[in-house]
file entry.cif (mmCIF, N, CA and C atoms)
data_my_file
#
loop_
_atom_site.label_atom_id
_atom_site.label_comp_id
_atom_site.auth_asym_id
_atom_site.auth_seq_id
_atom_site.Cartn_x
_atom_site.Cartn_y
_atom_site.Cartn_z
N MET A 1 123.72 -3.20 127.35
CA MET A 1 124.77 -2.58 128.13
C MET A 1 124.30 -1.26 128.74
N LEU A 2 123.55 -0.49 127.96
CA LEU A 2 123.06 0.79 128.45
C LEU A 2 122.09 0.62 129.62
N LEU A 3 121.19 -0.33 129.49
CA LEU A 3 120.21 -0.55 130.56
C LEU A 3 120.88 -1.07 131.83
N LYS A 4 121.88 -1.91 131.68
CA LYS A 4 122.61 -2.42 132.83
C LYS A 4 123.35 -1.29 133.55
N LYS A 5 124.04 -0.44 132.77
CA LYS A 5 124.77 0.69 133.34
C LYS A 5 123.80 1.67 133.99
N ARG A 6 122.65 1.88 133.38
CA ARG A 6 121.65 2.80 133.91
C ARG A 6 121.16 2.31 135.28
N ALA A 7 120.86 1.02 135.39
CA ALA A 7 120.40 0.46 136.66
C ALA A 7 121.48 0.59 137.73
N GLU A 8 122.72 0.35 137.35
CA GLU A 8 123.85 0.47 138.28
C GLU A 8 123.98 1.91 138.79
N LEU A 9 123.88 2.87 137.88
CA LEU A 9 123.99 4.28 138.26
C LEU A 9 122.85 4.72 139.16
N LEU A 10 121.65 4.28 138.86
CA LEU A 10 120.50 4.63 139.70
C LEU A 10 120.71 4.11 141.12
N LYS A 11 121.19 2.90 141.23
CA LYS A 11 121.47 2.32 142.55
C LYS A 11 122.52 3.17 143.28
N ASN A 12 123.58 3.55 142.55
CA ASN A 12 124.64 4.37 143.14
C ASN A 12 124.12 5.72 143.61
N VAL A 13 123.29 6.36 142.79
CA VAL A 13 122.75 7.68 143.14
C VAL A 13 121.92 7.58 144.41
N PHE A 14 121.08 6.55 144.49
CA PHE A 14 120.24 6.41 145.69
C PHE A 14 121.09 6.12 146.93
N GLN A 15 122.15 5.32 146.78
CA GLN A 15 123.02 5.03 147.91
C GLN A 15 123.76 6.29 148.37
N ILE A 16 124.29 7.05 147.43
CA ILE A 16 125.01 8.27 147.75
C ILE A 16 124.07 9.26 148.44
N GLU A 17 122.87 9.38 147.89
CA GLU A 17 121.87 10.28 148.46
C GLU A 17 121.53 9.87 149.89
N ASP A 18 121.31 8.59 150.11
CA ASP A 18 121.00 8.10 151.47
C ASP A 18 122.15 8.39 152.43
N GLU A 19 123.38 8.13 152.01
CA GLU A 19 124.54 8.37 152.86
C GLU A 19 124.69 9.85 153.20
N ALA A 20 124.48 10.70 152.20
CA ALA A 20 124.62 12.14 152.42
C ALA A 20 123.57 12.64 153.40
N LEU A 21 122.37 12.09 153.31
CA LEU A 21 121.30 12.53 154.20
C LEU A 21 121.41 11.95 155.60
N LYS A 22 122.13 10.85 155.76
CA LYS A 22 122.27 10.21 157.07
C LYS A 22 123.43 10.77 157.87
N LYS A 23 124.08 11.81 157.38
CA LYS A 23 125.23 12.38 158.08
C LYS A 23 124.84 13.13 159.35
N SER A 24 123.56 13.42 159.51
CA SER A 24 123.14 14.06 160.75
C SER A 24 123.09 13.00 161.85
N HIS A 25 122.95 13.43 163.07
CA HIS A 25 122.92 12.52 164.22
C HIS A 25 121.75 11.54 164.06
N PRO A 26 121.96 10.25 164.36
CA PRO A 26 120.92 9.25 164.14
C PRO A 26 119.58 9.57 164.80
N THR A 27 119.61 10.22 165.94
CA THR A 27 118.34 10.54 166.62
C THR A 27 117.73 11.82 166.08
N GLY A 28 118.52 12.56 165.33
CA GLY A 28 118.04 13.83 164.81
C GLY A 28 118.23 14.97 165.80
N ASP A 29 118.64 14.67 167.01
CA ASP A 29 118.83 15.69 168.04
C ASP A 29 120.28 16.15 168.03
N LEU A 30 120.53 17.26 167.40
CA LEU A 30 121.89 17.75 167.28
C LEU A 30 122.38 18.46 168.54
N SER A 31 121.47 18.73 169.49
CA SER A 31 121.88 19.49 170.67
C SER A 31 122.81 18.70 171.57
N ILE A 32 122.81 17.37 171.50
CA ILE A 32 123.68 16.57 172.35
C ILE A 32 125.01 16.24 171.68
N MET A 33 125.16 16.62 170.43
CA MET A 33 126.40 16.34 169.71
C MET A 33 127.45 17.38 170.07
N PRO A 34 128.66 16.92 170.36
CA PRO A 34 129.72 17.91 170.55
C PRO A 34 130.08 18.51 169.20
N ILE A 35 130.22 19.82 169.17
CA ILE A 35 130.53 20.47 167.90
C ILE A 35 131.99 20.88 167.93
N HIS A 36 132.73 20.33 167.01
CA HIS A 36 134.14 20.67 166.87
C HIS A 36 134.33 21.14 165.43
N MET A 37 135.01 22.22 165.25
CA MET A 37 135.17 22.81 163.91
C MET A 37 135.76 21.82 162.90
N ALA A 38 136.73 21.01 163.32
CA ALA A 38 137.32 20.04 162.40
C ALA A 38 136.29 19.00 161.97
N ASP A 39 135.45 18.58 162.92
CA ASP A 39 134.40 17.61 162.57
C ASP A 39 133.42 18.21 161.58
N LEU A 40 133.04 19.46 161.81
CA LEU A 40 132.12 20.13 160.89
C LEU A 40 132.72 20.27 159.51
N GLY A 41 134.02 20.61 159.45
CA GLY A 41 134.70 20.75 158.17
C GLY A 41 134.75 19.44 157.43
N SER A 42 135.05 18.35 158.13
CA SER A 42 135.10 17.02 157.51
C SER A 42 133.73 16.62 157.00
N ASP A 43 132.70 16.86 157.82
CA ASP A 43 131.34 16.52 157.42
C ASP A 43 130.92 17.30 156.18
N ASN A 44 131.25 18.60 156.16
CA ASN A 44 130.90 19.42 155.01
C ASN A 44 131.63 18.96 153.76
N TYR A 45 132.91 18.62 153.90
CA TYR A 45 133.68 18.13 152.75
C TYR A 45 133.07 16.85 152.22
N GLU A 46 132.76 15.91 153.11
CA GLU A 46 132.18 14.63 152.69
C GLU A 46 130.84 14.84 152.00
N GLN A 47 130.04 15.74 152.53
CA GLN A 47 128.74 15.99 151.93
C GLN A 47 128.90 16.66 150.55
N ASP A 48 129.81 17.63 150.44
CA ASP A 48 130.06 18.27 149.14
C ASP A 48 130.57 17.26 148.13
N PHE A 49 131.47 16.39 148.57
CA PHE A 49 132.01 15.36 147.68
C PHE A 49 130.89 14.44 147.20
N ALA A 50 130.04 14.01 148.13
CA ALA A 50 128.93 13.12 147.77
C ALA A 50 127.98 13.80 146.80
N LEU A 51 127.69 15.07 147.03
CA LEU A 51 126.79 15.79 146.13
C LEU A 51 127.40 15.95 144.74
N GLY A 52 128.72 16.20 144.68
CA GLY A 52 129.39 16.30 143.39
C GLY A 52 129.37 14.97 142.64
N LEU A 53 129.60 13.89 143.36
CA LEU A 53 129.56 12.56 142.76
C LEU A 53 128.16 12.23 142.27
N MET A 54 127.17 12.60 143.06
CA MET A 54 125.78 12.36 142.68
C MET A 54 125.43 13.14 141.41
N ASP A 55 125.93 14.37 141.31
CA ASP A 55 125.68 15.19 140.13
C ASP A 55 126.31 14.55 138.89
N SER A 56 127.53 14.05 139.03
CA SER A 56 128.20 13.38 137.91
C SER A 56 127.43 12.15 137.47
N GLU A 57 126.96 11.36 138.44
CA GLU A 57 126.20 10.16 138.13
C GLU A 57 124.89 10.52 137.41
N ARG A 58 124.26 11.59 137.85
CA ARG A 58 123.00 12.01 137.21
C ARG A 58 123.23 12.50 135.79
N LYS A 59 124.34 13.18 135.56
CA LYS A 59 124.66 13.62 134.19
C LYS A 59 124.87 12.42 133.28
N LEU A 60 125.57 11.41 133.79
CA LEU A 60 125.79 10.20 133.00
C LEU A 60 124.46 9.48 132.74
N LEU A 61 123.58 9.46 133.73
CA LEU A 61 122.25 8.88 133.53
C LEU A 61 121.51 9.60 132.39
N HIS A 62 121.64 10.91 132.37
CA HIS A 62 121.00 11.69 131.30
C HIS A 62 121.57 11.31 129.93
N GLU A 63 122.89 11.14 129.86
CA GLU A 63 123.51 10.75 128.59
C GLU A 63 123.05 9.36 128.16
N ILE A 64 122.90 8.46 129.11
CA ILE A 64 122.41 7.12 128.79
C ILE A 64 120.97 7.18 128.29
N ASP A 65 120.15 7.98 128.96
CA ASP A 65 118.76 8.14 128.51
C ASP A 65 118.71 8.70 127.09
N GLU A 66 119.59 9.65 126.78
CA GLU A 66 119.65 10.20 125.42
C GLU A 66 120.05 9.11 124.42
N ALA A 67 120.99 8.26 124.80
CA ALA A 67 121.42 7.17 123.91
C ALA A 67 120.26 6.20 123.67
N LEU A 68 119.47 5.92 124.70
CA LEU A 68 118.31 5.03 124.54
C LEU A 68 117.29 5.64 123.58
N VAL A 69 117.12 6.95 123.64
CA VAL A 69 116.22 7.63 122.70
C VAL A 69 116.77 7.52 121.28
N ARG A 70 118.10 7.66 121.13
CA ARG A 70 118.70 7.53 119.80
C ARG A 70 118.51 6.12 119.25
N ILE A 71 118.52 5.12 120.13
CA ILE A 71 118.26 3.75 119.67
C ILE A 71 116.83 3.66 119.13
N GLU A 72 115.88 4.22 119.88
CA GLU A 72 114.48 4.22 119.42
C GLU A 72 114.32 4.95 118.10
N ASN A 73 115.07 6.05 117.94
CA ASN A 73 114.96 6.86 116.72
C ASN A 73 115.82 6.33 115.58
N LYS A 74 116.53 5.24 115.85
CA LYS A 74 117.42 4.61 114.86
C LYS A 74 118.55 5.55 114.41
N THR A 75 119.00 6.39 115.35
CA THR A 75 120.14 7.27 115.07
C THR A 75 121.32 6.94 115.97
N TYR A 76 121.21 5.87 116.75
CA TYR A 76 122.29 5.45 117.64
C TYR A 76 123.50 5.06 116.81
N GLY A 77 124.67 5.47 117.27
CA GLY A 77 125.91 5.12 116.57
C GLY A 77 126.29 6.09 115.47
N ILE A 78 125.51 7.15 115.33
CA ILE A 78 125.80 8.18 114.34
C ILE A 78 126.26 9.42 115.10
N CYS A 79 127.41 9.96 114.74
CA CYS A 79 127.96 11.15 115.39
C CYS A 79 127.01 12.33 115.18
N LEU A 80 126.62 12.97 116.27
CA LEU A 80 125.72 14.11 116.17
C LEU A 80 126.40 15.34 115.60
N GLY A 81 127.72 15.32 115.55
CA GLY A 81 128.46 16.45 115.02
C GLY A 81 128.76 16.35 113.53
N THR A 82 129.02 15.12 113.09
CA THR A 82 129.43 14.94 111.69
C THR A 82 128.42 14.18 110.85
N GLY A 83 127.55 13.42 111.51
CA GLY A 83 126.60 12.60 110.77
C GLY A 83 127.21 11.29 110.29
N GLN A 84 128.46 11.05 110.64
CA GLN A 84 129.16 9.83 110.24
C GLN A 84 129.04 8.78 111.34
N PRO A 85 129.20 7.49 110.98
CA PRO A 85 129.12 6.44 112.00
C PRO A 85 130.23 6.58 113.05
N ILE A 86 129.89 6.26 114.30
CA ILE A 86 130.85 6.21 115.39
C ILE A 86 131.45 4.81 115.38
N LEU A 87 132.76 4.72 115.56
CA LEU A 87 133.43 3.42 115.53
C LEU A 87 132.86 2.49 116.59
N ARG A 88 132.75 1.22 116.23
CA ARG A 88 132.22 0.21 117.15
C ARG A 88 133.02 0.14 118.45
N ALA A 89 134.34 0.25 118.35
CA ALA A 89 135.19 0.17 119.55
C ALA A 89 134.84 1.29 120.53
N ARG A 90 134.54 2.47 120.02
CA ARG A 90 134.15 3.59 120.89
C ARG A 90 132.82 3.30 121.57
N LEU A 91 131.87 2.76 120.81
CA LEU A 91 130.56 2.46 121.37
C LEU A 91 130.63 1.33 122.39
N GLU A 92 131.54 0.40 122.19
CA GLU A 92 131.71 -0.68 123.16
C GLU A 92 132.34 -0.15 124.44
N ALA A 93 133.26 0.81 124.31
CA ALA A 93 133.92 1.39 125.48
C ALA A 93 133.00 2.39 126.19
N GLN A 94 132.25 3.14 125.41
CA GLN A 94 131.36 4.17 125.96
C GLN A 94 130.05 4.13 125.18
N PRO A 95 129.14 3.21 125.55
CA PRO A 95 127.92 3.01 124.76
C PRO A 95 127.02 4.23 124.64
N TRP A 96 127.19 5.22 125.49
CA TRP A 96 126.35 6.43 125.44
C TRP A 96 126.99 7.52 124.58
N ALA A 97 128.12 7.21 123.93
CA ALA A 97 128.82 8.21 123.12
C ALA A 97 127.90 8.76 122.04
N LYS A 98 127.93 10.09 121.91
CA LYS A 98 127.12 10.72 120.87
C LYS A 98 127.98 11.36 119.79
N TYR A 99 129.30 11.35 120.02
CA TYR A 99 130.23 11.92 119.05
C TYR A 99 131.34 10.92 118.73
N SER A 100 131.86 11.03 117.53
CA SER A 100 133.05 10.25 117.18
C SER A 100 134.22 10.77 118.01
N ILE A 101 135.27 9.99 118.09
CA ILE A 101 136.45 10.41 118.86
C ILE A 101 137.01 11.71 118.29
N GLU A 102 137.09 11.78 116.99
CA GLU A 102 137.66 12.97 116.34
C GLU A 102 136.85 14.22 116.66
N PHE A 103 135.52 14.11 116.58
CA PHE A 103 134.68 15.26 116.85
C PHE A 103 134.74 15.64 118.33
N ALA A 104 134.74 14.64 119.21
CA ALA A 104 134.83 14.91 120.65
C ALA A 104 136.14 15.63 120.99
N GLN A 105 137.23 15.24 120.34
CA GLN A 105 138.51 15.91 120.57
C GLN A 105 138.46 17.36 120.11
N LYS A 106 137.82 17.60 118.98
CA LYS A 106 137.68 18.98 118.49
C LYS A 106 136.83 19.81 119.46
N LEU A 107 135.78 19.19 120.01
CA LEU A 107 134.95 19.88 121.00
C LEU A 107 135.77 20.28 122.21
N GLU A 108 136.57 19.33 122.72
CA GLU A 108 137.40 19.59 123.90
C GLU A 108 138.39 20.72 123.66
N LYS A 109 138.91 20.80 122.45
CA LYS A 109 139.89 21.83 122.12
C LYS A 109 139.23 23.16 121.75
N GLY A 110 137.91 23.16 121.65
CA GLY A 110 137.19 24.38 121.31
C GLY A 110 137.25 24.71 119.83
N LEU A 111 137.56 23.72 119.01
CA LEU A 111 137.66 23.94 117.57
C LEU A 111 136.30 23.91 116.88
N VAL A 112 135.32 23.29 117.53
CA VAL A 112 133.96 23.24 117.00
C VAL A 112 132.99 23.50 118.15
N LEU A 113 131.80 23.90 117.81
CA LEU A 113 130.75 24.11 118.81
C LEU A 113 129.91 22.86 118.94
N GLU A 114 129.38 22.64 120.14
CA GLU A 114 128.50 21.50 120.35
C GLU A 114 127.22 21.73 119.57
N PRO A 115 126.83 20.75 118.75
CA PRO A 115 125.62 20.92 117.94
C PRO A 115 124.37 20.96 118.80
N ASP A 116 123.37 21.66 118.33
CA ASP A 116 122.08 21.74 119.01
C ASP A 116 121.36 20.41 118.75
N GLU A 117 120.95 19.73 119.83
CA GLU A 117 120.34 18.40 119.70
C GLU A 117 118.83 18.45 119.54
N SER A 118 118.25 19.62 119.59
CA SER A 118 116.78 19.68 119.54
C SER A 118 116.23 19.51 118.16
#
call {"tool": "encode", "arguments": {"input": "entry.cif", "output": "structure tokens"}}
result
Amino acid sequence: MLLKKRAELLKNVFQIEDEALKKSHPTGDLSIMPIHMADLGSDNYEQDFALGLMDSERKLLHEIDEALVRIENKTYGICLGTGQPILRARLEAQPWAKYSIEFAQKLEKGLVLEPDES
């Protein structure tokens, strides 16, 4: 599941990157393009949105890569915060999960600090 999701994300990142870079005029000659402030604003918004999406996808790729390392190290499925097993249902829903639901909720609420993974 992790490898399939990783391949899907890589494809998405490359597509988003290509689309973001192709927003300039196809010939590359911007001098013949009419410049309208609304068009520039829309283009900037679309490019910012694409870059934000690409960043999110890359972060998820990093989490998947970390999960693959945990599989190699035989620590996959163990909460990095508590050392207890992560429920199977959570791993099926989010195979890159590194924390149990309970620990992740405490992290979100600021009740615990994120453990150092090094």
call {"tool": "resolve_selection", "arguments": {"input": "entry.cif", "expression": "the PyMOL selection byres ((chain A and resi 82-84) around 8)", "output": "PyMOL selection string"}}
result
chain A and resi 77-81+85-87+98-100+103
call {"tool": "atom_distance", "arguments": {"input": "entry.cif", "atom1": "atom CA of A:Lys59", "atom2": "atom CA of A:Asn73"}}
result
21.1 Å
call {"tool": "atom_distance", "arguments": {"input": "entry.cif", "atom1": "atom CA of A:Arg6", "atom2": "atom C of A:Arg88"}}
result
19.4 Å
call {"tool": "resolve_selection", "arguments": {"input": "entry.cif", "expression": "the PyMOL selection byres (((chain A and resi 2 and name CA) around 9) and name CA)", "output": "PDB file with N, CA and C atoms, in the coordinates of the input"}}
result
ATOM      1  N   MET A   1     123.720  -3.200 127.350  1.00  0.00           N
ATOM      2  CA  MET A   1     124.770  -2.580 128.130  1.00  0.00           C
ATOM      3  C   MET A   1     124.300  -1.260 128.740  1.00  0.00           C
ATOM      4  N   LEU A   3     121.190  -0.330 129.490  1.00  0.00           N
ATOM      5  CA  LEU A   3     120.210  -0.550 130.560  1.00  0.00           C
ATOM      6  C   LEU A   3     120.880  -1.070 131.830  1.00  0.00           C
ATOM      7  N   LYS A   4     121.880  -1.910 131.680  1.00  0.00           N
ATOM      8  CA  LYS A   4     122.610  -2.420 132.830  1.00  0.00           C
ATOM      9  C   LYS A   4     123.350  -1.290 133.550  1.00  0.00           C
ATOM     10  N   LYS A   5     124.040  -0.440 132.770  1.00  0.00           N
ATOM     11  CA  LYS A   5     124.770   0.690 133.340  1.00  0.00           C
ATOM     12  C   LYS A   5     123.800   1.670 133.990  1.00  0.00           C
ATOM     13  N   ARG A   6     122.650   1.880 133.380  1.00  0.00           N
ATOM     14  CA  ARG A   6     121.650   2.800 133.910  1.00  0.00           C
ATOM     15  C   ARG A   6     121.160   2.310 135.280  1.00  0.00           C
ATOM     16  N   ALA A   7     120.860   1.020 135.390  1.00  0.00           N
ATOM     17  CA  ALA A   7     120.400   0.460 136.660  1.00  0.00           C
ATOM     18  C   ALA A   7     121.480   0.590 137.730  1.00  0.00           C
ATOM     19  N   ILE A  64     122.900   8.460 129.110  1.00  0.00           N
ATOM     20  CA  ILE A  64     122.410   7.120 128.790  1.00  0.00           C
ATOM     21  C   ILE A  64     120.970   7.180 128.290  1.00  0.00           C
ATOM     22  N   ASP A  65     120.150   7.980 128.960  1.00  0.00           N
ATOM     23  CA  ASP A  65     118.760   8.140 128.510  1.00  0.00           C
ATOM     24  C   ASP A  65     118.710   8.700 127.090  1.00  0.00           C
ATOM     25  N   ALA A  67     120.990   8.260 124.800  1.00  0.00           N
ATOM     26  CA  ALA A  67     121.420   7.170 123.910  1.00  0.00           C
ATOM     27  C   ALA A  67     120.260   6.200 123.670  1.00  0.00           C
ATOM     28  N   LEU A  68     119.470   5.920 124.700  1.00  0.00           N
ATOM     29  CA  LEU A  68     118.310   5.030 124.540  1.00  0.00           C
ATOM     30  C   LEU A  68     117.290   5.640 123.580  1.00  0.00           C
ATOM     31  N   PRO A  95     129.140   3.210 125.550  1.00  0.00           N
ATOM     32  CA  PRO A  95     127.920   3.010 124.760  1.00  0.00           C
ATOM     33  C   PRO A  95     127.020   4.230 124.640  1.00  0.00           C
ATOM     34  N   TRP A  96     127.190   5.220 125.490  1.00  0.00           N
ATOM     35  CA  TRP A  96     126.350   6.430 125.440  1.00  0.00           C
ATOM     36  C   TRP A  96     126.990   7.520 124.580  1.00  0.00           C
TER      37      TRP A  96
END
call {"tool": "closest_residue", "arguments": {"input": "entry.cif", "among": "A:Ala97, A:Arg70, A:Arg58, A:Asp48", "to": "A:Val13", "atoms": "all atoms listed in the file"}}
result
A:Arg58
call {"tool": "atom_distance", "arguments": {"input": "entry.cif", "atom1": "atom C of A:Val69", "atom2": "atom CA of A:Gly52"}}
result
26.9 Å
call {"tool": "build_atoms", "arguments": {"input": "entry.cif", "residues": "stretch 68-79 of chain A", "atoms": "all heavy atoms", "output": "mmCIF file, keeping the file's coordinate frame"}}
result
data_model
loop_
_atom_site.group_PDB
_atom_site.id
_atom_site.type_symbol
_atom_site.label_atom_id
_atom_site.label_comp_id
_atom_site.auth_asym_id
_atom_site.auth_seq_id
_atom_site.Cartn_x
_atom_site.Cartn_y
_atom_site.Cartn_z
ATOM 1 N N LEU A 68 119.470 5.920 124.700
ATOM 2 C CA LEU A 68 118.310 5.030 124.540
ATOM 3 C C LEU A 68 117.290 5.640 123.580
ATOM 4 O O LEU A 68 116.689 4.916 122.771
ATOM 5 C CB LEU A 68 117.683 4.728 125.905
ATOM 6 C CG LEU A 68 118.540 3.866 126.837
ATOM 7 C CD1 LEU A 68 117.945 3.847 128.243
ATOM 8 C CD2 LEU A 68 118.704 2.458 126.299
ATOM 9 N N VAL A 69 117.120 6.950 123.640
ATOM 10 C CA VAL A 69 116.220 7.630 122.700
ATOM 11 C C VAL A 69 116.770 7.520 121.280
ATOM 12 O O VAL A 69 116.027 7.264 120.330
ATOM 13 C CB VAL A 69 115.997 9.109 123.098
ATOM 14 C CG1 VAL A 69 115.301 9.890 121.991
ATOM 15 C CG2 VAL A 69 115.215 9.196 124.397
ATOM 16 N N ARG A 70 118.100 7.660 121.130
ATOM 17 C CA ARG A 70 118.700 7.530 119.800
ATOM 18 C C ARG A 70 118.510 6.120 119.250
ATOM 19 O O ARG A 70 118.330 5.946 118.038
ATOM 20 C CB ARG A 70 120.182 7.915 119.829
ATOM 21 C CG ARG A 70 120.414 9.404 120.022
ATOM 22 C CD ARG A 70 121.843 9.834 119.744
ATOM 23 N NE ARG A 70 122.843 9.175 120.555
ATOM 24 C CZ ARG A 70 123.201 9.551 121.792
ATOM 25 N NH1 ARG A 70 122.634 10.606 122.355
ATOM 26 N NH2 ARG A 70 124.133 8.892 122.450
ATOM 27 N N ILE A 71 118.520 5.120 120.130
ATOM 28 C CA ILE A 71 118.260 3.750 119.670
ATOM 29 C C ILE A 71 116.830 3.660 119.130
ATOM 30 O O ILE A 71 116.603 3.122 118.045
ATOM 31 C CB ILE A 71 118.480 2.733 120.818
ATOM 32 C CG1 ILE A 71 119.983 2.606 121.117
ATOM 33 C CG2 ILE A 71 117.891 1.372 120.456
ATOM 34 C CD1 ILE A 71 120.316 1.785 122.342
ATOM 35 N N GLU A 72 115.880 4.220 119.880
ATOM 36 C CA GLU A 72 114.480 4.220 119.420
ATOM 37 C C GLU A 72 114.320 4.950 118.100
ATOM 38 O O GLU A 72 113.547 4.532 117.242
ATOM 39 C CB GLU A 72 113.578 4.884 120.470
ATOM 40 C CG GLU A 72 113.344 4.052 121.703
ATOM 41 C CD GLU A 72 112.446 4.762 122.714
ATOM 42 O OE1 GLU A 72 111.710 5.704 122.330
ATOM 43 O OE2 GLU A 72 112.495 4.366 123.893
ATOM 44 N N ASN A 73 115.070 6.050 117.940
ATOM 45 C CA ASN A 73 114.960 6.860 116.720
ATOM 46 C C ASN A 73 115.820 6.330 115.580
ATOM 47 O O ASN A 73 115.869 6.943 114.514
ATOM 48 C CB ASN A 73 115.366 8.311 117.013
ATOM 49 C CG ASN A 73 114.425 8.993 117.955
ATOM 50 O OD1 ASN A 73 113.285 8.579 118.139
ATOM 51 N ND2 ASN A 73 114.899 10.039 118.603
ATOM 52 N N LYS A 74 116.530 5.240 115.850
ATOM 53 C CA LYS A 74 117.420 4.610 114.860
ATOM 54 C C LYS A 74 118.550 5.550 114.410
ATOM 55 O O LYS A 74 118.989 5.523 113.269
ATOM 56 C CB LYS A 74 116.624 4.095 113.669
ATOM 57 C CG LYS A 74 115.598 3.038 114.067
ATOM 58 C CD LYS A 74 115.017 2.351 112.885
ATOM 59 C CE LYS A 74 113.935 1.349 113.184
ATOM 60 N NZ LYS A 74 113.758 0.768 114.441
ATOM 61 N N THR A 75 119.000 6.390 115.350
ATOM 62 C CA THR A 75 120.140 7.270 115.070
ATOM 63 C C THR A 75 121.320 6.940 115.970
ATOM 64 O O THR A 75 122.329 7.649 115.954
ATOM 65 C CB THR A 75 119.752 8.754 115.262
ATOM 66 O OG1 THR A 75 119.291 8.950 116.600
ATOM 67 C CG2 THR A 75 118.679 9.166 114.262
ATOM 68 N N TYR A 76 121.210 5.870 116.750
ATOM 69 C CA TYR A 76 122.290 5.450 117.640
ATOM 70 C C TYR A 76 123.500 5.060 116.810
ATOM 71 O O TYR A 76 123.390 4.412 115.777
ATOM 72 C CB TYR A 76 121.845 4.259 118.497
ATOM 73 C CG TYR A 76 122.918 3.749 119.428
ATOM 74 C CD1 TYR A 76 123.193 4.403 120.617
ATOM 75 C CD2 TYR A 76 123.661 2.625 119.101
ATOM 76 C CE1 TYR A 76 124.172 3.940 121.479
ATOM 77 C CE2 TYR A 76 124.640 2.152 119.955
ATOM 78 C CZ TYR A 76 124.896 2.816 121.136
ATOM 79 O OH TYR A 76 125.870 2.360 121.975
ATOM 80 N N GLY A 77 124.670 5.470 117.270
ATOM 81 C CA GLY A 77 125.910 5.120 116.570
ATOM 82 C C GLY A 77 126.290 6.090 115.470
ATOM 83 O O GLY A 77 127.275 5.883 114.778
ATOM 84 N N ILE A 78 125.510 7.150 115.330
ATOM 85 C CA ILE A 78 125.800 8.180 114.340
ATOM 86 C C ILE A 78 126.260 9.420 115.100
ATOM 87 O O ILE A 78 125.574 9.900 116.000
ATOM 88 C CB ILE A 78 124.559 8.525 113.478
ATOM 89 C CG1 ILE A 78 123.993 7.276 112.805
ATOM 90 C CG2 ILE A 78 124.888 9.620 112.473
ATOM 91 C CD1 ILE A 78 124.923 6.613 111.809
ATOM 92 N N CYS A 79 127.410 9.960 114.740
ATOM 93 C CA CYS A 79 127.960 11.150 115.390
ATOM 94 C C CYS A 79 127.010 12.330 115.180
ATOM 95 O O CYS A 79 126.641 12.631 114.036
ATOM 96 C CB CYS A 79 129.344 11.458 114.836
ATOM 97 S SG CYS A 79 130.077 12.975 115.487
#
